[in-house]
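Novice: Got a structure for you, questions after.
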Amino acid sequence: MKRTIFTALVLMSVAFSSTAQTSSENPYANNYIYWGYLADYKLGQASSAFTAIDDMLQTYPPQIDIALPREMALVSLDQLLHDTDNDQTEPFYTFINARMERVLKDLDRPVEKGLRIYKMYNDGFIIKSKKATVAIDVIPGGSDSKPFIKDSIIFGICDKCDALFLSHCHPDHVNLRIAKSFAARGKRVIAPKDWWVGVDPMIQPIEVENKIVDIEFGELDLTLHVLPGHQGDVYNNINVVEFHGEGTVAQTGDQWGTQDLEWIDHVHESYDIDILMPNCWINDMERHLRGFGAKMLITGHENELGEHSIDHREAYWITMKKMEQLAELNMPNVLMTWGEWYEYQR
Ligand SMILES: [Zn+2]
Ligand SMILES: [Zn+2]
């Protein structure tokens, strides 16, 4: 007993005098004693929290009326992902890869009717119907030398998709290794104007400016309508995908600007959109939601762990607050995080 107290006192003095060290140096790590090992403590805490969040999200899956435990899990995730100490740590990699591995497995489960929408890292989505599996803005995250999602998982997922539609040229939406993996298997990649011109015949940039382009995918029983959006001056394809007889989805990429608002006001007159997937920080959310006139939403782009400071990582709690302000539109948002999916039927 005395010895324990002595050890504790020694550890306490170390706690106040030393800087954070790595777990391999902490002789008491197996006993969950972290005194003096600050970084080690934070890793242990993050690991515990990511695991609890993952369990909670599986217990309370995506739903229109969000349950309080699910809301708590998403807000807790915001806190972990807005603490830059957790960036590129083992607990983060474990969390995102476990979730993506579930997507990889679930993609083998057929869709009999309607659409299944998978949420991927950042602003990526995969939409699966009975006849087609389409990827939009799917990336591994991180850098090519150290991606967030392991190659074996992300390329396995891409192998199970039939086509890739890209919004715009920013690296949080496009990845050349991913695009080439589609092209190598004879699958079409539709890219924004002037992007990856001549790289591969299967990578097809839009050729016109400020015009809607309709592209038929007869073998997949779908039509892609590319609407000419912008992020500032950058071409930003708004991909409206019509899965014939099953539903229509629209993903807005990084739509941001005022020059497109006038025609966006009228999108609902031309397309019967079931699910709109807007970037959560789009300018004038209300005007876009009215313009697209979708039956429901699945927002994207929350918690981008990229070059932005934490105020522009965009949190789930912020999306929830924005949607509370727009409740009168009666457009439910099924708030999802990476590696989740939602079944939709008309
Ligand atoms: Zn962008
Ligand atoms: Zn983006």
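We label chains A, B, ... in the order they appear in the structure tokens, count residues from 1 in each chain, and number ligands from 1 in the order shown.
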At a cut-off of 6 Å, using only C-alpha atoms, what residues contact Asn237 (chain A)? Leave out same-chain residues fewer than 5 positions from it and give the result as an NGL selection string.
Specialist: :A and (167 or 192 or 226-229)
Novice: Compile a residue-level contact table for chain A against ligand 2 at a cut-off of 10 Å, reporting for every qualifying residue the shortest atom pair and its distance in Å to one decimal, with only C-alpha atoms and all ligand atoms counted, rows ordered by chain and ascending number, as JSON lines.
Specialist:
{"residue": "A:Asn122", "atom": "CA", "partner": "ligand 2", "partner_atom_place_in_ligand_line": "1 (Zn)", "distance": 7.5}
{"residue": "A:Asp123", "atom": "CA", "partner": "ligand 2", "partner_atom_place_in_ligand_line": "1 (Zn)", "distance": 6.7}
{"residue": "A:Gly124", "atom": "CA", "partner": "ligand 2", "partner_atom_place_in_ligand_line": "1 (Zn)", "distance": 9.8}
{"residue": "A:Asp137", "atom": "CA", "partner": "ligand 2", "partner_atom_place_in_ligand_line": "1 (Zn)", "distance": 9.3}
{"residue": "A:Ser167", "atom": "CA", "partner": "ligand 2", "partner_atom_place_in_ligand_line": "1 (Zn)", "distance": 9.2}
{"residue": "A:His168", "atom": "CA", "partner": "ligand 2", "partner_atom_place_in_ligand_line": "1 (Zn)", "distance": 8.5}
{"residue": "A:Cys169", "atom": "CA", "partner": "ligand 2", "partner_atom_place_in_ligand_line": "1 (Zn)", "distance": 9.3}
{"residue": "A:His170", "atom": "CA", "partner": "ligand 2", "partner_atom_place_in_ligand_line": "1 (Zn)", "distance": 6.6}
{"residue": "A:Pro171", "atom": "CA", "partner": "ligand 2", "partner_atom_place_in_ligand_line": "1 (Zn)", "distance": 7.8}
{"residue": "A:Asp172", "atom": "CA", "partner": "ligand 2", "partner_atom_place_in_ligand_line": "1 (Zn)", "distance": 5.3}
{"residue": "A:His173", "atom": "CA", "partner": "ligand 2", "partner_atom_place_in_ligand_line": "1 (Zn)", "distance": 6.0}
{"residue": "A:Val174", "atom": "CA", "partner": "ligand 2", "partner_atom_place_in_ligand_line": "1 (Zn)", "distance": 9.5}
{"residue": "A:Gln231", "atom": "CA", "partner": "ligand 2", "partner_atom_place_in_ligand_line": "1 (Zn)", "distance": 9.2}
{"residue": "A:Gly253", "atom": "CA", "partner": "ligand 2", "partner_atom_place_in_ligand_line": "1 (Zn)", "distance": 6.8}
{"residue": "A:Asp254", "atom": "CA", "partner": "ligand 2", "partner_atom_place_in_ligand_line": "1 (Zn)", "distance": 5.1}
{"residue": "A:Gln255", "atom": "CA", "partner": "ligand 2", "partner_atom_place_in_ligand_line": "1 (Zn)", "distance": 8.9}
{"residue": "A:Asn279", "atom": "CA", "partner": "ligand 2", "partner_atom_place_in_ligand_line": "1 (Zn)", "distance": 7.8}
{"residue": "A:Trp281", "atom": "CA", "partner": "ligand 2", "partner_atom_place_in_ligand_line": "1 (Zn)", "distance": 9.7}
{"residue": "A:Gly300", "atom": "CA", "partner": "ligand 2", "partner_atom_place_in_ligand_line": "1 (Zn)", "distance": 9.4}
{"residue": "A:His301", "atom": "CA", "partner": "ligand 2", "partner_atom_place_in_ligand_line": "1 (Zn)", "distance": 6.6}
{"residue": "A:Glu302", "atom": "CA", "partner": "ligand 2", "partner_atom_place_in_ligand_line": "1 (Zn)", "distance": 9.7}
{"residue": "A:Glu304", "atom": "CA", "partner": "ligand 2", "partner_atom_place_in_ligand_line": "1 (Zn)", "distance": 7.9}
{"residue": "A:Gly306", "atom": "CA", "partner": "ligand 2", "partner_atom_place_in_ligand_line": "1 (Zn)", "distance": 9.5}
Novice: From the list A:Leu289, A:Met336, A:Val234, A:Ile298, which residue is nearest ligand 1 when using only C-alpha atoms and all ligand atoms?
Specialist: A:Val234
Novice: So which residues touch region 77-81 of chain A within 9 Å, counting only C-alpha atoms, skipping near sequence neighbours fewer than 3 positions away, as an NGL selection string?
Specialist: :A and (46 or 49-50 or 53 or 72-74 or 84-87 or 92 or 302-305 or 310 or 313-317)
Novice: Just how far from CA of Gly293 (chain A) is CA of Met331 (chain A), in Å to one decimal?
Specialist: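 Those two atoms sit 8.5 Å apart.
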Novice: Show me, as a count of residues only, the residues that have an atom within 10 Å of region 106-120 of chain A when counting only C-alpha atoms, minus same-chain residues fewer than 6 positions from it.
Specialist: 46
Novice: Would you compute the distance between CA of Ala179 (chain A) and CA of Asp221 (chain A)? Give it in Å to one decimal.
Specialist: 21.7 Å
Novice: Using DSSP on the backbone coordinates, identify the residues of region 85-314 of chain A assigned to strand (DSSP E or B); present them as a ChimeraX atom specification.
Specialist: /A:115-119,125-128,133-136,142,147,163-165,189-191,203-205,213-217,222-231,234-243,247-251,256,275-277,279,296-297,300
Novice: Between A:Met296, A:Ile282, A:Ile212, A:Ala67, which has the minimum distance to ligand 1 (counting only C-alpha atoms and all ligand atoms)?
Specialist: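 Among A:Met296, A:Ile282, A:Ile212, A:Ala67, it is A:Ile282 that comes nearest to ligand 1.
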Novice: Of the candidates A:Asp233, A:Glu25, A:Asp311, A:Asp274, which one gets nearest to ligand 1 if we count only C-alpha atoms and all ligand atoms?
Specialist: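 Of A:Asp233, A:Glu25, A:Asp311, A:Asp274, the one nearest ligand 1, counting only C-alpha atoms and all ligand atoms, is A:Asp233.
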Novice: Can you check which residues of region 225-338 of chain A DSSP gives as alpha helix (DSSP H) on the backbone and send them as a list in words?
Specialist: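 Taking region 225-338 of chain A and keeping alpha helix (DSSP H) only, one gets Leu261, Glu262, Trp263, Ile264, Val267, His268, Glu269, Ser270, Met285, Glu286, Arg287, His288, Leu289, Arg290, Gly291, Phe292, Tyr316, Trp317, Ile318, Thr319, Met320, Lys321, Lys322, Met323, Glu324 and Gln325 of chain A.
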Novice: Excluding Arg287 (chain A) and its own-chain neighbours fewer than 3 positions away, which residues fall within 9 Å of it when counting only C-alpha atoms? Please give them as a list in words.
Specialist: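 Listing them by chain and then by number gives Leu261, Ile264, Asp265, Asn283, Asp284, Arg290, Gly291 and Phe292 of chain A.
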Novice: Figure out the distance between CA of Ala163 (chain A) and CA of Gly257 (chain A), please, to one decimal in Å.
Specialist: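 Taking CA of Gly257 (chain A) and CA of Ala163 (chain A), their separation equals 28.0 Å.
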